[in-house]
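Source file: coords.pdb. Holds: PDB, C-alpha atoms, pLDDT in the B column.
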```pdb
ATOM      1  CA  MET S 142     -62.478  58.530 106.071  1.00 95.00           C
ATOM      2  CA  LEU S 143     -62.017  55.595 108.417  1.00 97.00           C
ATOM      3  CA  THR S 144     -65.319  54.024 109.474  1.00 97.00           C
ATOM      4  CA  ILE S 145     -64.772  51.716 112.427  1.00 97.00           C
ATOM      5  CA  GLN S 146     -66.861  50.084 115.129  1.00 97.00           C
ATOM      6  CA  GLN S 147     -66.699  51.860 118.477  1.00 96.00           C
ATOM      7  CA  ALA S 148     -66.067  48.504 120.199  1.00 96.00           C
ATOM      8  CA  ILE S 149     -62.903  47.948 118.103  1.00 97.00           C
ATOM      9  CA  LEU S 150     -61.680  51.491 118.824  1.00 97.00           C
ATOM     10  CA  ASP S 151     -62.265  50.870 122.527  1.00 97.00           C
ATOM     11  CA  ALA S 152     -60.236  47.635 122.310  1.00 98.00           C
ATOM     12  CA  ILE S 153     -57.362  49.474 120.563  1.00 98.00           C
ATOM     13  CA  VAL S 154     -57.340  52.165 123.266  1.00 97.00           C
ATOM     14  CA  ALA S 155     -57.460  49.494 126.009  1.00 97.00           C
ATOM     15  CA  HIS S 156     -54.446  47.768 124.397  1.00 98.00           C
ATOM     16  CA  ALA S 157     -52.533  51.082 124.215  1.00 97.00           C
ATOM     17  CA  ARG S 158     -53.355  51.863 127.866  1.00 97.00           C
ATOM     18  CA  ARG S 159     -52.351  48.355 128.977  1.00 97.00           C
ATOM     19  CA  ASP S 160     -48.897  48.595 127.349  1.00 96.00           C
ATOM     20  CA  HIS S 161     -48.268  52.222 128.343  1.00 96.00           C
ATOM     21  CA  PRO S 162     -45.518  53.539 128.729  1.00 95.00           C
ATOM     22  CA  ASP S 163     -44.308  51.151 125.993  1.00 95.00           C
ATOM     23  CA  GLU S 164     -45.751  51.628 122.513  1.00 95.00           C
ATOM     24  CA  ALA S 165     -48.509  49.181 121.576  1.00 96.00           C
ATOM     25  CA  CYS S 166     -49.216  48.014 118.031  1.00 97.00           C
ATOM     26  CA  GLY S 167     -51.599  45.839 116.078  1.00 98.00           C
ATOM     27  CA  VAL S 168     -53.823  45.285 113.083  1.00 98.00           C
ATOM     28  CA  VAL S 169     -57.523  45.275 112.314  1.00 98.00           C
ATOM     29  CA  ALA S 170     -58.193  42.913 109.427  1.00 98.00           C
ATOM     30  CA  GLY S 171     -61.208  42.974 107.149  1.00 97.00           C
ATOM     31  CA  PRO S 172     -62.428  41.437 103.895  1.00 96.00           C
ATOM     32  CA  ILE S 173     -60.253  42.378 100.893  1.00 94.00           C
ATOM     33  CA  GLY S 174     -61.569  45.491  99.160  1.00 93.00           C
ATOM     34  CA  SER S 175     -64.264  46.127 101.799  1.00 95.00           C
ATOM     35  CA  ASP S 176     -62.469  48.963 103.639  1.00 96.00           C
ATOM     36  CA  THR S 177     -64.278  47.574 106.709  1.00 97.00           C
ATOM     37  CA  PRO S 178     -62.120  46.658 109.714  1.00 98.00           C
ATOM     38  CA  THR S 179     -63.712  43.671 111.475  1.00 97.00           C
ATOM     39  CA  ARG S 180     -61.091  41.532 113.260  1.00 98.00           C
ATOM     40  CA  HIS S 181     -58.834  43.122 115.884  1.00 98.00           C
ATOM     41  CA  ILE S 182     -55.425  41.472 116.230  1.00 98.00           C
ATOM     42  CA  PRO S 183     -53.206  42.992 118.967  1.00 98.00           C
ATOM     43  CA  MET S 184     -49.550  42.314 118.071  1.00 97.00           C
ATOM     44  CA  ASP S 185     -46.459  42.079 120.260  1.00 96.00           C
ATOM     45  CA  ASN S 186     -44.150  45.059 120.131  1.00 96.00           C
ATOM     46  CA  ALA S 187     -40.905  43.144 119.539  1.00 94.00           C
ATOM     47  CA  ALA S 188     -38.950  46.351 120.323  1.00 92.00           C
ATOM     48  CA  ARG S 189     -40.644  46.679 123.762  1.00 92.00           C
ATOM     49  CA  SER S 190     -39.803  50.353 123.688  1.00 92.00           C
ATOM     50  CA  MET S 191     -41.357  53.628 124.772  1.00 92.00           C
ATOM     51  CA  THR S 192     -40.334  55.226 121.469  1.00 92.00           C
ATOM     52  CA  PHE S 193     -40.274  52.470 118.852  1.00 92.00           C
ATOM     53  CA  TYR S 194     -42.440  49.593 117.774  1.00 94.00           C
ATOM     54  CA  GLN S 195     -41.801  46.667 115.514  1.00 94.00           C
ATOM     55  CA  PHE S 196     -43.945  43.658 114.695  1.00 96.00           C
ATOM     56  CA  ASP S 197     -42.231  40.372 115.511  1.00 96.00           C
ATOM     57  CA  SER S 198     -41.404  39.028 112.036  1.00 96.00           C
ATOM     58  CA  MET S 199     -42.579  35.471 112.783  1.00 97.00           C
ATOM     59  CA  GLU S 200     -45.845  36.621 114.357  1.00 97.00           C
ATOM     60  CA  GLN S 201     -46.382  38.884 111.353  1.00 97.00           C
ATOM     61  CA  LEU S 202     -45.874  35.990 108.917  1.00 97.00           C
ATOM     62  CA  ARG S 203     -48.424  33.892 110.813  1.00 97.00           C
ATOM     63  CA  VAL S 204     -50.989  36.721 110.968  1.00 98.00           C
ATOM     64  CA  TRP S 205     -50.510  37.784 107.310  1.00 96.00           C
ATOM     65  CA  ARG S 206     -50.920  34.145 106.153  1.00 95.00           C
ATOM     66  CA  GLU S 207     -54.053  33.824 108.267  1.00 96.00           C
ATOM     67  CA  MET S 208     -55.472  36.956 106.618  1.00 96.00           C
ATOM     68  CA  ASP S 209     -54.574  35.536 103.206  1.00 92.00           C
ATOM     69  CA  ASP S 210     -56.382  32.275 104.007  1.00 92.00           C
ATOM     70  CA  ARG S 211     -59.474  34.219 105.099  1.00 96.00           C
ATOM     71  CA  ASP S 212     -59.429  36.584 102.071  1.00 94.00           C
ATOM     72  CA  GLU S 213     -58.653  39.467 104.404  1.00 96.00           C
ATOM     73  CA  GLU S 214     -56.187  42.334 104.296  1.00 95.00           C
ATOM     74  CA  PRO S 215     -54.879  44.736 106.946  1.00 96.00           C
ATOM     75  CA  ILE S 216     -57.481  47.539 106.908  1.00 98.00           C
ATOM     76  CA  VAL S 217     -56.050  49.305 109.967  1.00 98.00           C
ATOM     77  CA  ILE S 218     -52.467  49.269 111.255  1.00 98.00           C
ATOM     78  CA  TYR S 219     -52.245  51.011 114.608  1.00 98.00           C
ATOM     79  CA  HIS S 220     -49.691  51.950 117.201  1.00 96.00           C
ATOM     80  CA  SER S 221     -49.448  54.254 120.153  1.00 96.00           C
ATOM     81  CA  HIS S 222     -47.239  57.210 120.952  1.00 95.00           C
ATOM     82  CA  THR S 223     -46.923  57.387 124.700  1.00 95.00           C
ATOM     83  CA  ALA S 224     -45.354  60.823 125.243  1.00 93.00           C
ATOM     84  CA  THR S 225     -46.100  62.717 122.036  1.00 92.00           C
ATOM     85  CA  GLU S 226     -49.068  63.547 119.827  1.00 93.00           C
ATOM     86  CA  ALA S 227     -50.932  61.031 117.645  1.00 94.00           C
ATOM     87  CA  TYR S 228     -49.234  62.117 114.429  1.00 94.00           C
ATOM     88  CA  PRO S 229     -46.949  59.970 112.215  1.00 95.00           C
ATOM     89  CA  SER S 230     -43.232  60.450 112.904  1.00 93.00           C
ATOM     90  CA  ARG S 231     -40.672  60.379 110.108  1.00 91.00           C
ATOM     91  CA  THR S 232     -39.985  56.778 111.107  1.00 90.00           C
ATOM     92  CA  ASP S 233     -43.686  55.909 110.757  1.00 93.00           C
ATOM     93  CA  VAL S 234     -43.783  57.438 107.286  1.00 94.00           C
ATOM     94  CA  ALA S 235     -40.598  55.683 106.173  1.00 91.00           C
ATOM     95  CA  TYR S 236     -41.956  52.291 107.200  1.00 92.00           C
ATOM     96  CA  ALA S 237     -45.534  52.683 105.928  1.00 93.00           C
ATOM     97  CA  GLY S 238     -45.707  49.734 103.525  1.00 92.00           C
ATOM     98  CA  GLU S 239     -49.399  48.883 103.216  1.00 91.00           C
ATOM     99  CA  PRO S 240     -50.881  51.293 100.666  1.00 89.00           C
ATOM    100  CA  ASN S 241     -54.476  50.204 101.370  1.00 90.00           C
ATOM    101  CA  ALA S 242     -54.260  50.552 105.144  1.00 96.00           C
ATOM    102  CA  HIS S 243     -55.504  53.284 107.440  1.00 98.00           C
ATOM    103  CA  TYR S 244     -52.654  54.141 109.816  1.00 97.00           C
ATOM    104  CA  VAL S 245     -54.240  54.811 113.205  1.00 98.00           C
ATOM    105  CA  LEU S 246     -52.250  56.539 115.931  1.00 97.00           C
ATOM    106  CA  VAL S 247     -53.279  56.645 119.553  1.00 97.00           C
ATOM    107  CA  SER S 248     -51.633  58.993 122.039  1.00 96.00           C
ATOM    108  CA  THR S 249     -51.692  57.941 125.672  1.00 96.00           C
ATOM    109  CA  ARG S 250     -49.634  60.883 126.964  1.00 95.00           C
ATOM    110  CA  GLU S 251     -52.653  62.296 128.835  1.00 95.00           C
ATOM    111  CA  PRO S 252     -53.856  59.899 131.546  1.00 92.00           C
ATOM    112  CA  ASP S 253     -57.509  60.910 131.280  1.00 91.00           C
ATOM    113  CA  SER S 254     -58.043  61.433 127.577  1.00 92.00           C
ATOM    114  CA  THR S 255     -56.863  59.467 124.553  1.00 93.00           C
ATOM    115  CA  GLU S 256     -56.203  61.087 121.213  1.00 95.00           C
ATOM    116  CA  ILE S 257     -57.078  58.852 118.217  1.00 97.00           C
ATOM    117  CA  ARG S 258     -56.285  59.958 114.678  1.00 97.00           C
ATOM    118  CA  SER S 259     -56.173  58.214 111.317  1.00 97.00           C
ATOM    119  CA  PHE S 260     -53.905  58.772 108.322  1.00 98.00           C
ATOM    120  CA  ARG S 261     -53.245  57.540 104.829  1.00 97.00           C
ATOM    121  CA  ILE S 262     -49.542  57.288 104.101  1.00 96.00           C
ATOM    122  CA  LEU S 263     -48.633  56.871 100.435  1.00 92.00           C
ATOM    123  CA  ASP S 264     -45.178  57.390  98.901  1.00 89.00           C
ATOM    124  CA  GLY S 265     -44.058  59.391 101.910  1.00 91.00           C
ATOM    125  CA  VAL S 266     -47.079  61.717 101.884  1.00 95.00           C
ATOM    126  CA  VAL S 267     -49.253  61.868 105.026  1.00 96.00           C
ATOM    127  CA  LYS S 268     -52.930  62.736 104.724  1.00 97.00           C
ATOM    128  CA  GLU S 269     -55.101  62.907 107.811  1.00 97.00           C
ATOM    129  CA  GLU S 270     -58.673  61.632 107.503  1.00 97.00           C
ATOM    130  CA  PRO S 271     -61.730  61.766 109.772  1.00 97.00           C
ATOM    131  CA  VAL S 272     -62.520  58.835 112.056  1.00 96.00           C
ATOM    132  CA  ASN S 273     -66.178  57.834 111.938  1.00 96.00           C
ATOM    133  CA  ALA S 274     -66.973  55.632 114.947  1.00 95.00           C
ATOM    134  CA  VAL S 275     -70.147  53.603 114.479  1.00 94.00           C
ATOM    135  CA  GLN S 276     -72.036  51.221 116.746  1.00 92.00           C
ATOM    136  CA  SER S 277     -72.455  48.691 113.954  1.00 89.00           C
ATOM    137  CA  TYR S 278     -71.631  48.189 110.267  1.00 88.00           C
ATOM    138  CA  MET S 279     -75.131  46.785 109.709  1.00 75.00           C
ATOM    139  CA  PHE S 280     -76.777  50.169 109.337  1.00 58.00           C
ATOM    140  CA  GLY S 281     -75.769  53.143 107.262  1.00 53.00           C
ATOM    141  CA  GLN S 282     -76.811  55.535 110.003  1.00 50.00           C
ATOM    142  CA  THR S 283     -76.120  55.499 113.693  1.00 52.00           C
ATOM    143  CA  PRO S 284     -76.743  58.071 116.418  1.00 53.00           C
ATOM    144  CA  ASN S 285     -73.142  59.299 116.270  1.00 56.00           C
ATOM    145  CA  SER S 286     -72.985  59.316 112.476  1.00 55.00           C
ATOM    146  CA  VAL S 287     -76.070  60.543 110.698  1.00 48.00           C
ATOM    147  CA  ASP S 288     -75.914  61.549 107.065  1.00 50.00           C
ATOM    148  CA  TYR S 289     -79.065  63.284 105.834  1.00 51.00           C
ATOM    149  CA  GLU S 290     -77.716  64.209 102.454  1.00 52.00           C
ATOM    150  CA  CYS S 291     -79.746  62.937  99.512  1.00 51.00           C
ATOM    151  CA  GLN S 292     -78.046  61.288  96.583  1.00 48.00           C
ATOM    152  CA  ALA S 293     -78.421  63.528  93.540  1.00 46.00           C
TER
ATOM    153  CA  MET J 228     -39.607  23.228  89.209  1.00 63.00           C
ATOM    154  CA  ALA J 229     -39.217  26.781  90.348  1.00 93.00           C
ATOM    155  CA  ILE J 230     -39.390  28.925  93.447  1.00 97.00           C
ATOM    156  CA  ASP J 231     -42.747  30.519  94.182  1.00 96.00           C
ATOM    157  CA  VAL J 232     -42.446  34.123  95.397  1.00 97.00           C
ATOM    158  CA  ARG J 233     -45.308  35.989  97.120  1.00 96.00           C
ATOM    159  CA  ILE J 234     -45.345  39.700  96.358  1.00 96.00           C
ATOM    160  CA  PRO J 235     -46.892  42.246  98.762  1.00 94.00           C
ATOM    161  CA  THR J 236     -49.373  44.861  97.501  1.00 91.00           C
ATOM    162  CA  ILE J 237     -46.834  47.685  97.627  1.00 92.00           C
ATOM    163  CA  LEU J 238     -44.470  45.904  95.186  1.00 95.00           C
ATOM    164  CA  ARG J 239     -47.067  44.640  92.722  1.00 94.00           C
ATOM    165  CA  SER J 240     -46.469  47.652  90.469  1.00 94.00           C
ATOM    166  CA  HIS J 241     -43.282  45.779  89.483  1.00 96.00           C
ATOM    167  CA  THR J 242     -45.092  42.521  88.688  1.00 96.00           C
ATOM    168  CA  GLY J 243     -47.988  43.860  86.639  1.00 95.00           C
ATOM    169  CA  GLY J 244     -50.270  43.399  89.639  1.00 94.00           C
ATOM    170  CA  ALA J 245     -49.371  39.724  90.154  1.00 95.00           C
ATOM    171  CA  LYS J 246     -49.562  38.434  93.757  1.00 93.00           C
ATOM    172  CA  ALA J 247     -47.127  35.623  93.052  1.00 95.00           C
ATOM    173  CA  VAL J 248     -44.307  35.133  90.563  1.00 97.00           C
ATOM    174  CA  SER J 249     -41.725  32.426  90.109  1.00 97.00           C
ATOM    175  CA  GLY J 250     -37.989  32.487  89.736  1.00 97.00           C
ATOM    176  CA  SER J 251     -34.852  30.426  90.147  1.00 97.00           C
ATOM    177  CA  GLY J 252     -31.476  30.519  91.877  1.00 97.00           C
ATOM    178  CA  ASP J 253     -29.384  28.776  94.507  1.00 97.00           C
ATOM    179  CA  THR J 254     -29.311  31.685  96.960  1.00 97.00           C
ATOM    180  CA  LEU J 255     -31.776  34.426  97.797  1.00 98.00           C
ATOM    181  CA  LEU J 256     -29.552  36.967  96.023  1.00 97.00           C
ATOM    182  CA  GLN J 257     -29.497  34.861  92.832  1.00 97.00           C
ATOM    183  CA  LEU J 258     -33.264  34.483  93.055  1.00 98.00           C
ATOM    184  CA  LEU J 259     -33.691  38.264  93.387  1.00 97.00           C
ATOM    185  CA  ASP J 260     -31.377  38.849  90.396  1.00 97.00           C
ATOM    186  CA  ASN J 261     -33.437  36.361  88.393  1.00 97.00           C
ATOM    187  CA  LEU J 262     -36.686  38.068  89.443  1.00 97.00           C
ATOM    188  CA  ASP J 263     -35.289  41.513  88.655  1.00 97.00           C
ATOM    189  CA  ALA J 264     -34.522  40.405  85.090  1.00 97.00           C
ATOM    190  CA  GLN J 265     -38.206  39.532  84.697  1.00 96.00           C
ATOM    191  CA  HIS J 266     -39.596  42.390  86.792  1.00 96.00           C
ATOM    192  CA  PRO J 267     -37.211  45.343  86.528  1.00 96.00           C
ATOM    193  CA  GLY J 268     -36.858  47.478  89.639  1.00 95.00           C
ATOM    194  CA  LEU J 269     -37.985  44.797  92.086  1.00 96.00           C
ATOM    195  CA  LYS J 270     -34.507  44.106  93.476  1.00 97.00           C
ATOM    196  CA  GLN J 271     -33.752  47.712  94.378  1.00 95.00           C
ATOM    197  CA  ARG J 272     -36.873  47.785  96.538  1.00 95.00           C
ATOM    198  CA  LEU J 273     -35.472  44.851  98.536  1.00 97.00           C
ATOM    199  CA  VAL J 274     -31.708  45.333  98.533  1.00 96.00           C
ATOM    200  CA  THR J 275     -29.851  48.501  99.562  1.00 95.00           C
ATOM    201  CA  PRO J 276     -27.179  50.089  97.325  1.00 93.00           C
ATOM    202  CA  GLU J 277     -24.643  48.693  99.817  1.00 94.00           C
ATOM    203  CA  GLY J 278     -25.897  45.192  99.091  1.00 93.00           C
ATOM    204  CA  GLY J 279     -27.813  44.424 102.296  1.00 94.00           C
ATOM    205  CA  LEU J 280     -31.411  43.422 102.792  1.00 95.00           C
ATOM    206  CA  HIS J 281     -33.562  46.551 103.092  1.00 93.00           C
ATOM    207  CA  ARG J 282     -34.820  47.224 106.618  1.00 91.00           C
ATOM    208  CA  PHE J 283     -38.306  48.007 105.317  1.00 91.00           C
ATOM    209  CA  VAL J 284     -38.992  44.435 104.202  1.00 95.00           C
ATOM    210  CA  ASN J 285     -39.121  40.984 105.703  1.00 97.00           C
ATOM    211  CA  ILE J 286     -38.325  38.032 103.456  1.00 98.00           C
ATOM    212  CA  TYR J 287     -39.144  34.471 104.467  1.00 98.00           C
ATOM    213  CA  ILE J 288     -38.058  31.171 102.906  1.00 98.00           C
ATOM    214  CA  ASN J 289     -40.915  28.813 103.702  1.00 97.00           C
ATOM    215  CA  ASP J 290     -41.452  29.490 107.443  1.00 94.00           C
ATOM    216  CA  GLU J 291     -38.092  31.103 108.240  1.00 96.00           C
ATOM    217  CA  ASP J 292     -37.101  34.773 108.368  1.00 97.00           C
ATOM    218  CA  VAL J 293     -34.017  35.030 106.117  1.00 97.00           C
ATOM    219  CA  ARG J 294     -32.365  37.430 108.610  1.00 94.00           C
ATOM    220  CA  PHE J 295     -31.721  34.309 110.700  1.00 93.00           C
ATOM    221  CA  GLN J 296     -30.704  32.195 107.675  1.00 93.00           C
ATOM    222  CA  GLY J 297     -27.769  34.156 106.240  1.00 94.00           C
ATOM    223  CA  SER J 298     -29.871  36.962 104.744  1.00 95.00           C
ATOM    224  CA  LEU J 299     -29.159  37.342 100.993  1.00 96.00           C
ATOM    225  CA  ASP J 300     -26.806  34.327 101.109  1.00 96.00           C
ATOM    226  CA  ALA J 301     -29.610  32.062 102.377  1.00 97.00           C
ATOM    227  CA  LYS J 302     -29.980  28.907 100.277  1.00 97.00           C
ATOM    228  CA  VAL J 303     -33.127  28.398  98.239  1.00 97.00           C
ATOM    229  CA  ASN J 304     -34.341  25.226  96.550  1.00 96.00           C
ATOM    230  CA  ASP J 305     -36.850  24.367  93.858  1.00 96.00           C
ATOM    231  CA  GLY J 306     -40.255  24.000  95.453  1.00 96.00           C
ATOM    232  CA  ASP J 307     -39.564  26.558  98.197  1.00 97.00           C
ATOM    233  CA  THR J 308     -42.002  29.381  98.805  1.00 97.00           C
ATOM    234  CA  VAL J 309     -40.484  32.805  99.377  1.00 98.00           C
ATOM    235  CA  THR J 310     -42.745  35.394 101.014  1.00 98.00           C
ATOM    236  CA  ILE J 311     -41.999  39.108 100.960  1.00 97.00           C
ATOM    237  CA  LEU J 312     -43.823  41.318 103.491  1.00 97.00           C
ATOM    238  CA  PRO J 313     -43.434  44.994 104.327  1.00 95.00           C
ATOM    239  CA  ALA J 314     -41.808  45.249 107.775  1.00 95.00           C
ATOM    240  CA  VAL J 315     -44.270  46.934 110.114  1.00 95.00           C
ATOM    241  CA  ALA J 316     -42.445  49.283 112.454  1.00 94.00           C
ATOM    242  CA  GLY J 317     -42.216  52.904 113.494  1.00 92.00           C
ATOM    243  CA  GLY J 318     -42.728  54.951 116.605  1.00 88.00           C
ATOM    244  CA  ALA J 319     -42.152  58.340 118.092  1.00 86.00           C
ATOM    245  CA  PHE J 320     -38.364  58.067 118.049  1.00 75.00           C
ATOM    246  CA  GLY J 321     -36.155  59.720 115.423  1.00 57.00           C
ATOM    247  CA  PHE J 322     -35.190  57.771 112.362  1.00 50.00           C
ATOM    248  CA  ALA J 323     -31.454  57.515 113.014  1.00 49.00           C
ATOM    249  CA  ALA J 324     -32.052  56.125 116.486  1.00 53.00           C
ATOM    250  CA  ALA J 325     -34.598  53.654 115.140  1.00 50.00           C
ATOM    251  CA  SER J 326     -32.119  52.415 112.532  1.00 55.00           C
ATOM    252  CA  ALA J 327     -29.483  51.980 115.199  1.00 57.00           C
ATOM    253  CA  LEU J 328     -31.891  49.904 117.277  1.00 55.00           C
ATOM    254  CA  ARG J 329     -32.551  47.574 114.373  1.00 55.00           C
ATOM    255  CA  GLY J 330     -28.804  47.243 113.767  1.00 48.00           C
TER
END
```
So, in terms of structure tokens, how does the structure I just supplied come out?
Amino acid sequence: MLTIQQAILDAIVAHARRDHPDEACGVVAGPIGSDTPTRHIPMDNAARSMTFYQFDSMEQLRVWREMDDRDEEPIVIYHSHTATEAYPSRTDVAYAGEPNAHYVLVSTREPDSTEIRSFRILDGVVKEEPVNAVQSYMFGQTPNSVDYECQA
Amino acid sequence: MAIDVRIPTILRSHTGGAKAVSGSGDTLLQLLDNLDAQHPGLKQRLVTPEGGLHRFVNIYINDEDVRFQGSLDAKVNDGDTVTILPAVAGGAFGFAAASALRG
């Protein structure tokens, strides 16, 4: 499951809408091992394409070094599909090179509603996972995510 | 002196989990051959059977992308830092078309 702040999701969707009809892409970094995405970094789509995205290699080096310096890793890697569903294409699967990342896809094909889905992609195998949007990471329970189960 | 090489998470299975290793050589290709002797299988994750740099990775010598420095023929020197990152790319388009775009 991907647990992510609603405000970060909103920022990802805003980025995807802004770049539509080109694909938008970016990263949400977080502390290593935390599985908690905290720092949204919109990236340039060096391909500037409606059907392909590619991080600029020099921007990527700068951002990955910055994460390294801050003891962060890419928790979320996202991009948009602008005319098709939010599901990884064969190209997405072939390129998926961060085994710890949640791959988030946003579809902006419908003008009024945005589809957001999250996947793990490991060794060419795609596994969809639920997206749990929370108001804050400070509390275990929020109005849109309440877990009443007791620990055994 | 040696060349410091930063290994991304996805390739650390070849380095026993190490984030950084060191190697030697005068060109990137020689460095990768040297690394492969110490960490078998690493080179084939970076270099295609045809002998080109794999499209799924970016390799940098210090602050430069080797694709703009002669690729596998790029010169390396003792004291350099080589960084390997997974290329981040994809999109809705078919794979063949995407490969063509990247050249």
Where does the PyMOL selection byres ((chain J and resi 287) around 9) land in this file, that is, which residues does it pick, as an mmCIF file with C-alpha atoms, in the frame of the given file?
```
data_model
loop_
_atom_site.group_PDB
_atom_site.id
_atom_site.type_symbol
_atom_site.label_atom_id
_atom_site.label_comp_id
_atom_site.auth_asym_id
_atom_site.auth_seq_id
_atom_site.Cartn_x
_atom_site.Cartn_y
_atom_site.Cartn_z
ATOM 1 C CA LEU S 202 -45.874 35.990 108.917
ATOM 2 C CA ASN J 285 -39.121 40.984 105.703
ATOM 3 C CA ILE J 286 -38.325 38.032 103.456
ATOM 4 C CA ILE J 288 -38.058 31.171 102.906
ATOM 5 C CA ASN J 289 -40.915 28.813 103.702
ATOM 6 C CA ASP J 290 -41.452 29.490 107.443
ATOM 7 C CA GLU J 291 -38.092 31.103 108.240
ATOM 8 C CA ASP J 292 -37.101 34.773 108.368
ATOM 9 C CA VAL J 293 -34.017 35.030 106.117
ATOM 10 C CA ARG J 294 -32.365 37.430 108.610
ATOM 11 C CA THR J 308 -42.002 29.381 98.805
ATOM 12 C CA VAL J 309 -40.484 32.805 99.377
ATOM 13 C CA THR J 310 -42.745 35.394 101.014
ATOM 14 C CA ILE J 311 -41.999 39.108 100.960
ATOM 15 C CA LEU J 312 -43.823 41.318 103.491
#
```
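In plain terms, chain J touches chain S through Phe283, Pro313, Val315, Ala316, Gly317, Gly318, Ala319, Phe320 and Phe322 of chain J, where touching means an atom at most 6 Å away, counting all atoms listed in the file.
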Give the centre and edge lengths of an axis-aligned box, in Å to one decimal, that holds all listed atoms of segment 262-280 of chain S with 8 Å on each side, as lines of an AutoDock Vina configuration file.
```
center_x = -60.4
center_y = 54.8
center_z = 107.8
size_x = 48.7
size_y = 32.1
size_z = 33.8
```
Exercise for the section: Would you work out the distance separating atom CA of Met184 of chain S from atom CA of Asp209 of chain S, expressed in Å to one decimal? Expected result: 17.1 Å
Handout entry: Chain and number of each residue from the PyMOL selection byres ((chain S and resi 257) around 8), as an MDAnalysis selection string
Key = chainID S and resid 227 245:248 255:256 258:259
Starting from the shown file, work through the PyMOL selection byres ((chain J and resi 258) around 12) and note down what comes out as a PDB file with C-alpha atoms, in the coordinates of the input.
```
ATOM      1  CA  ALA J 229     -39.217  26.781  90.348  1.00 93.00           C
ATOM      2  CA  ILE J 230     -39.390  28.925  93.447  1.00 97.00           C
ATOM      3  CA  ASP J 231     -42.747  30.519  94.182  1.00 96.00           C
ATOM      4  CA  VAL J 232     -42.446  34.123  95.397  1.00 97.00           C
ATOM      5  CA  VAL J 248     -44.307  35.133  90.563  1.00 97.00           C
ATOM      6  CA  SER J 249     -41.725  32.426  90.109  1.00 97.00           C
ATOM      7  CA  GLY J 250     -37.989  32.487  89.736  1.00 97.00           C
ATOM      8  CA  SER J 251     -34.852  30.426  90.147  1.00 97.00           C
ATOM      9  CA  GLY J 252     -31.476  30.519  91.877  1.00 97.00           C
ATOM     10  CA  ASP J 253     -29.384  28.776  94.507  1.00 97.00           C
ATOM     11  CA  THR J 254     -29.311  31.685  96.960  1.00 97.00           C
ATOM     12  CA  LEU J 255     -31.776  34.426  97.797  1.00 98.00           C
ATOM     13  CA  LEU J 256     -29.552  36.967  96.023  1.00 97.00           C
ATOM     14  CA  GLN J 257     -29.497  34.861  92.832  1.00 97.00           C
ATOM     15  CA  LEU J 259     -33.691  38.264  93.387  1.00 97.00           C
ATOM     16  CA  ASP J 260     -31.377  38.849  90.396  1.00 97.00           C
ATOM     17  CA  ASN J 261     -33.437  36.361  88.393  1.00 97.00           C
ATOM     18  CA  LEU J 262     -36.686  38.068  89.443  1.00 97.00           C
ATOM     19  CA  ASP J 263     -35.289  41.513  88.655  1.00 97.00           C
ATOM     20  CA  ALA J 264     -34.522  40.405  85.090  1.00 97.00           C
ATOM     21  CA  GLN J 265     -38.206  39.532  84.697  1.00 96.00           C
ATOM     22  CA  HIS J 266     -39.596  42.390  86.792  1.00 96.00           C
ATOM     23  CA  LEU J 269     -37.985  44.797  92.086  1.00 96.00           C
ATOM     24  CA  LYS J 270     -34.507  44.106  93.476  1.00 97.00           C
ATOM     25  CA  LEU J 273     -35.472  44.851  98.536  1.00 97.00           C
ATOM     26  CA  ILE J 288     -38.058  31.171 102.906  1.00 98.00           C
ATOM     27  CA  LEU J 299     -29.159  37.342 100.993  1.00 96.00           C
ATOM     28  CA  ASP J 300     -26.806  34.327 101.109  1.00 96.00           C
ATOM     29  CA  ALA J 301     -29.610  32.062 102.377  1.00 97.00           C
ATOM     30  CA  LYS J 302     -29.980  28.907 100.277  1.00 97.00           C
ATOM     31  CA  VAL J 303     -33.127  28.398  98.239  1.00 97.00           C
ATOM     32  CA  ASN J 304     -34.341  25.226  96.550  1.00 96.00           C
ATOM     33  CA  ASP J 305     -36.850  24.367  93.858  1.00 96.00           C
ATOM     34  CA  ASP J 307     -39.564  26.558  98.197  1.00 97.00           C
ATOM     35  CA  THR J 308     -42.002  29.381  98.805  1.00 97.00           C
ATOM     36  CA  VAL J 309     -40.484  32.805  99.377  1.00 98.00           C
TER      37      VAL J 309
END
```
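Note that the spacing between atom CA of Arg180 of chain S and atom CA of Glu270 of chain S amounts to 21.0 Å.
Going from atom CA of Ile173 of chain S to atom CA of Tyr244 of chain S covers 16.6 Å.
Between Ile149 of chain S and the residues S:Ser254, S:Thr249, S:Ser175, S:Gln276, the shortest atom-to-atom distance, using all atoms listed in the file, involves S:Gln276.
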